[in-house]
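K.L.:
Have a look at this one.
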Amino acid sequence: MQHWFTYPNIDPVAFRLGPLAVHWYGLSYLFGFICVFLWMNRPAGRRRMGLSTDNIQDFLIYALVGVLIGGRTLFVIADVITNHNFGDYLAHPLDFIAIWKGGMAFHGALVGVIVAIFLFLRKHPGLTFNVLADEVVVLLPLGIATTRVVNFINDELWGKVCDPDHPWCIQFPAAPDATAYRHPSQIYEGILDILAVPLLLWLYRRRPADGVVAWTWFIYYGITRTVAEIWREPGFTVIGLSGGQLVALPMVFIGAYLLYVALRNGRHTEATPGADAATAAPLSP
């Protein structure tokens with residue numbers, strides 16, 4: 001079987017600034033935050049949320065802390081379940097927070113961001129969860145897709161062995177069996193994430209009820225992550241489901257219920273009370 005691609009062996013370090021190594025992984029997170037910021041900071045976004053640019057930057061700090069704490073916490077839990085290495089963490093306590101070594105779990109980061117939203121809303125009582133979440137998710141899939149590409153660059157989260165081999169499958173040098181051809185499942189997931197963007201943009205521009213955009217993405221990600229896990233090598237399985245599917249499937253049902261609630265409420269916010277002069281710019285297209 002002739003295969004189309006060989007693993008490119010890209011250095012996980014994008015560039016160095018003296019002794020500081022800047023990894024693609026960190027740049028992918030930065031790119032995601034920039035995408036979210038640029039969308040939220042549109043005149044229409046600021047007006048709808050009633051937030052200034054400084055407020056939005058403040059929120060992104062909340063979100064960053066939530067991503068780091070939530071993402072790392074769930075990664076460590078999953079790593080211990082998969083590799084039974086809790087003793088190693090106890091022997092080297094710094095590894096609990098060693099995000100510079102890699103290792104973040106998406107669903108933990110998502111929970112962290114949700115908690116960050118609730119904490120941020122305490123400072124802005126005129127703003128609602130659904131309005132803020134709508135603005136956060138529109139370009140969020142671009143950041144997630146970029147991170148999946150970096151997972152590919154880092155030679156991690158490999159796909160299952162192709163059986164039979166398909167020409168687009170790849171040998172991953174760091175996989176348990178480096179001679180086996182595997183699905184590039186990281187790329188599959190990245191493509192599915194990117195496909196969410198036109199859907200969310202189309203839906204957003206129809207000005208649906210508050211929360212419809214956010215919970216639509218929530219359902220979409222739950223479905224596509226569940227599907228993508230079919231080709232991904234699982235860390236562990238329970239009742240035939242991978243760890244990723246165990247946390248992705250509930251997203252579909254939770255999101256469906258909250259989407260129903262948003263549609264039933266039927267309210268669409270164009271401007272949040274309390275917007276200052278900086279947020280009152282004309283609506284963008």
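Chain identifiers are assigned as A, B, and so on, following the order in which chains appear in the structure tokens; residues are numbered from 1 within each chain, and ligands are numbered from 1 in order of appearance.
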Could you please write out, as an MDAnalysis selection string, every residue of range 77-130 of chain A that DSSP assigns to helix (DSSP H, G or I)?

P.N.:
chainID A and resid 77:83 86:91 93:97 99:101 106:121 129:130

K.L.:
Would you list the contacts of range 200-206 of chain A as an MDAnalysis selection string, taking every protein, DNA or RNA residue within 9 Å and counting only C-alpha atoms, but skipping same-chain residues closer than 2 positions in sequence?

P.N.:
chainID A and resid 134 137:139 196:198 208 212:214 216:217 285

K.L.:
Excluding Gly71 in chain A and residues on its chain fewer than 3 positions from it, collect all residues at most 10 Å away from it, counting only C-alpha atoms, and give them as a PyMOL selection string.

P.N.:
chain A and resi 65-68+74-76+99+103-113

K.L.:
Generate a file of the selected residues that holds N, CA and C atoms, formatted as a CSV table (one decimal), in the first residue's frame.

P.N.:
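Ended up saving to result_19.csv:
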```
chain,number,residue,atom,x,y,z
A,65,VAL,N,-7.0,31.8,33.3
A,65,VAL,CA,-6.8,31.1,34.5
A,65,VAL,C,-7.7,29.8,34.6
A,66,GLY,N,-9.0,30.0,34.1
A,66,GLY,CA,-9.9,28.8,34.1
A,66,GLY,C,-9.4,27.7,33.2
A,67,VAL,N,-8.8,28.1,32.0
A,67,VAL,CA,-8.3,27.1,31.1
A,67,VAL,C,-7.1,26.4,31.7
A,68,LEU,N,-6.2,27.1,32.3
A,68,LEU,CA,-5.0,26.5,32.9
A,68,LEU,C,-5.3,25.6,34.0
A,74,LEU,N,-7.9,18.2,34.8
A,74,LEU,CA,-8.5,17.0,34.2
A,74,LEU,C,-7.5,16.1,33.5
A,75,PHE,N,-6.4,16.8,32.9
A,75,PHE,CA,-5.4,16.0,32.3
A,75,PHE,C,-4.7,15.1,33.3
A,76,VAL,N,-4.4,15.7,34.5
A,76,VAL,CA,-3.7,14.8,35.5
A,76,VAL,C,-4.6,13.7,36.0
A,99,ILE,N,2.5,22.5,33.2
A,99,ILE,CA,1.9,22.7,31.8
A,99,ILE,C,3.0,22.9,30.8
A,103,GLY,N,0.3,18.8,28.2
A,103,GLY,CA,-0.7,18.1,28.9
A,103,GLY,C,-1.8,18.9,29.4
A,104,MET,N,-2.8,19.1,28.6
A,104,MET,CA,-4.0,19.9,28.9
A,104,MET,C,-5.2,19.1,28.4
A,105,ALA,N,-6.3,19.0,29.2
A,105,ALA,CA,-7.5,18.3,28.7
A,105,ALA,C,-8.6,19.3,28.3
A,106,PHE,N,-9.1,19.2,27.1
A,106,PHE,CA,-10.1,20.2,26.6
A,106,PHE,C,-11.3,20.3,27.5
A,107,HIS,N,-11.9,19.3,27.9
A,107,HIS,CA,-13.1,19.4,28.7
A,107,HIS,C,-12.9,20.0,30.1
A,108,GLY,N,-11.7,19.8,30.6
A,108,GLY,CA,-11.3,20.5,31.9
A,108,GLY,C,-11.2,22.0,31.6
A,109,ALA,N,-10.6,22.3,30.5
A,109,ALA,CA,-10.5,23.7,30.2
A,109,ALA,C,-11.8,24.4,29.9
A,110,LEU,N,-12.7,23.6,29.3
A,110,LEU,CA,-14.1,24.1,29.1
A,110,LEU,C,-14.8,24.4,30.4
A,111,VAL,N,-14.7,23.5,31.3
A,111,VAL,CA,-15.3,23.7,32.7
A,111,VAL,C,-14.7,24.9,33.3
A,112,GLY,N,-13.4,25.0,33.2
A,112,GLY,CA,-12.7,26.2,33.8
A,112,GLY,C,-13.2,27.5,33.2
A,113,VAL,N,-13.5,27.5,31.9
A,113,VAL,CA,-14.0,28.8,31.3
A,113,VAL,C,-15.4,29.0,31.7
```

K.L.:
I need the residue nearest Val227 in chain A from this list: A:Ile34, A:Val13, A:Ala91, A:Ala248. Use only C-alpha atoms for the distance.

P.N.:
A:Ala248

K.L.:
Using only C-alpha atoms, what does the table of range 168-246 of chain A residues within 6 Å of range 258-271 of chain A look like, with each row giving the shortest atom pair and its distance in Å to one decimal, sorted by chain and ascending number, as a Markdown table?

P.N.:
```
| residue | atom | partner | partner_atom | distance |
| --- | --- | --- | --- | --- |
| A:Ala209 | CA | A:His268 | CA | 4.4 |
| A:Asp210 | CA | A:His268 | CA | 5.1 |
| A:Gly211 | CA | A:Ala262 | CA | 5.7 |
| A:Val212 | CA | A:Leu259 | CA | 5.7 |
| A:Trp215 | CA | A:Leu259 | CA | 5.4 |
```

K.L.:
Near range 159-163 of chain A, counting only C-alpha atoms, which residues have an atom at most 10 Å away, once you skip same-chain residues fewer than 6 positions from it, shown as a list of chain:residue names?

P.N.:
A:Cys169, A:Ile170, A:Gln171, A:Phe172, A:Ala175, A:Asp177, A:Ala180, A:Tyr181, A:Arg182, A:His183, A:Pro184, A:Ser185, A:Gln186, A:Ile187, A:Tyr188, A:Ala228, A:Glu229, A:Ile230, A:Trp231, A:Arg232, A:Glu233, A:Pro234

K.L.:
Quick one: distance from CA of Val252 in chain A to CA of Val136 in chain A in Å, one decimal?

P.N.:
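These atoms are spaced 18.8 Å apart.
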
K.L.:
Using only C-alpha atoms, determine which residues lie at most 9 Å from Gly190 in chain A, disregarding the query and same-chain residues fewer than 2 positions distant; provide the list as a tab-separated table (two decimals) with N, CA, C and O atoms, in the first residue's frame.

P.N.:
```tsv
chain	number	residue	atom	x	y	z
A	141	PRO	N	-13.70	27.85	17.78
A	141	PRO	CA	-13.26	26.63	17.07
A	141	PRO	C	-11.95	26.80	16.31
A	141	PRO	O	-11.24	25.82	16.09
A	142	LEU	N	-11.62	28.03	15.90
A	142	LEU	CA	-10.34	28.24	15.21
A	142	LEU	C	-9.17	27.95	16.15
A	142	LEU	O	-8.18	27.34	15.76
A	144	ILE	N	-9.31	25.95	18.80
A	144	ILE	CA	-9.30	24.52	19.10
A	144	ILE	C	-8.67	23.76	17.94
A	144	ILE	O	-7.86	22.84	18.13
A	145	ALA	N	-9.04	24.13	16.70
A	145	ALA	CA	-8.48	23.45	15.53
A	145	ALA	C	-6.97	23.63	15.46
A	145	ALA	O	-6.23	22.69	15.13
A	146	THR	N	-6.49	24.83	15.77
A	146	THR	CA	-5.05	25.08	15.76
A	146	THR	C	-4.33	24.21	16.78
A	146	THR	O	-3.24	23.67	16.52
A	147	THR	N	-4.94	24.04	17.94
A	147	THR	CA	-4.34	23.19	18.97
A	147	THR	C	-4.27	21.74	18.50
A	147	THR	O	-3.30	21.02	18.80
A	148	ARG	N	-5.28	21.28	17.74
A	148	ARG	CA	-5.23	19.92	17.21
A	148	ARG	C	-4.08	19.75	16.22
A	148	ARG	O	-3.42	18.70	16.18
A	149	VAL	N	-3.84	20.77	15.42
A	149	VAL	CA	-2.69	20.72	14.51
A	149	VAL	C	-1.39	20.62	15.31
A	149	VAL	O	-0.48	19.88	14.95
A	185	SER	N	-5.77	11.36	13.51
A	185	SER	CA	-7.04	11.77	14.12
A	185	SER	C	-7.00	13.21	14.61
A	185	SER	O	-8.04	13.86	14.71
A	186	GLN	N	-5.80	13.71	14.91
A	186	GLN	CA	-5.69	15.11	15.32
A	186	GLN	C	-6.19	16.03	14.19
A	186	GLN	O	-6.89	17.02	14.43
A	187	ILE	N	-5.81	15.68	12.96
A	187	ILE	CA	-6.22	16.48	11.80
A	187	ILE	C	-7.71	16.31	11.55
A	187	ILE	O	-8.40	17.28	11.20
A	188	TYR	N	-8.23	15.10	11.71
A	188	TYR	CA	-9.67	14.89	11.56
A	188	TYR	C	-10.44	15.83	12.50
A	188	TYR	O	-11.40	16.49	12.10
A	192	LEU	N	-13.06	19.06	11.65
A	192	LEU	CA	-14.41	19.14	12.19
A	192	LEU	C	-14.61	20.42	12.99
A	192	LEU	O	-15.69	21.03	12.95
A	193	ASP	N	-13.59	20.87	13.69
A	193	ASP	CA	-13.70	22.12	14.45
A	193	ASP	C	-13.84	23.32	13.51
A	193	ASP	O	-14.67	24.21	13.74
A	194	ILE	N	-13.05	23.35	12.46
A	194	ILE	CA	-13.11	24.48	11.53
A	194	ILE	C	-14.48	24.56	10.87
A	194	ILE	O	-15.01	25.66	10.63
A	195	LEU	N	-15.08	23.42	10.58
A	195	LEU	CA	-16.39	23.41	9.93
A	195	LEU	C	-17.47	24.04	10.80
A	195	LEU	O	-18.54	24.42	10.30
```

K.L.:
Assign secondary structure with DSSP using the backbone only, and return the residues of range 13-158 of chain A in strand (DSSP E or B) as a short mmCIF file (atom, residue, chain, number, x, y, z; two decimals) with N, CA, C and O atoms, in the first residue's frame.

P.N.:
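Written file, out.cif:
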```
data_model
loop_
_atom_site.label_atom_id
_atom_site.label_comp_id
_atom_site.auth_asym_id
_atom_site.auth_seq_id
_atom_site.Cartn_x
_atom_site.Cartn_y
_atom_site.Cartn_z
N VAL A 13 9.26 23.23 19.25
CA VAL A 13 9.65 24.60 19.60
C VAL A 13 9.58 25.46 18.34
O VAL A 13 10.29 25.22 17.36
N ALA A 14 8.72 26.47 18.37
CA ALA A 14 8.55 27.33 17.19
C ALA A 14 9.77 28.22 16.98
O ALA A 14 10.27 28.37 15.87
N PHE A 15 10.24 28.83 18.06
CA PHE A 15 11.45 29.66 18.00
C PHE A 15 11.97 29.87 19.41
O PHE A 15 11.28 29.57 20.39
N ARG A 16 13.16 30.42 19.50
CA ARG A 16 13.79 30.66 20.80
C ARG A 16 14.16 32.13 20.93
O ARG A 16 14.60 32.76 19.97
N LEU A 17 13.96 32.65 22.12
CA LEU A 17 14.38 34.00 22.46
C LEU A 17 15.41 33.88 23.58
O LEU A 17 15.08 33.86 24.77
N LEU A 20 14.78 31.26 26.34
CA LEU A 20 13.34 30.98 26.35
C LEU A 20 12.93 30.25 25.08
O LEU A 20 13.16 30.74 23.97
N ALA A 21 12.31 29.08 25.25
CA ALA A 21 11.80 28.32 24.11
C ALA A 21 10.30 28.57 23.98
O ALA A 21 9.55 28.32 24.94
N VAL A 22 9.88 29.05 22.84
CA VAL A 22 8.47 29.31 22.57
C VAL A 22 7.91 28.14 21.77
O VAL A 22 8.32 27.90 20.63
N HIS A 23 6.98 27.41 22.37
CA HIS A 23 6.43 26.21 21.75
C HIS A 23 5.21 26.52 20.89
O HIS A 23 4.47 27.47 21.17
#
```

K.L.:
Under the rule that only C-alpha atoms are counted, which of A:Thr224, A:Gln245, A:Asn151, A:Asn55 is the nearest residue to Ile10 in chain A?

P.N.:
A:Asn151
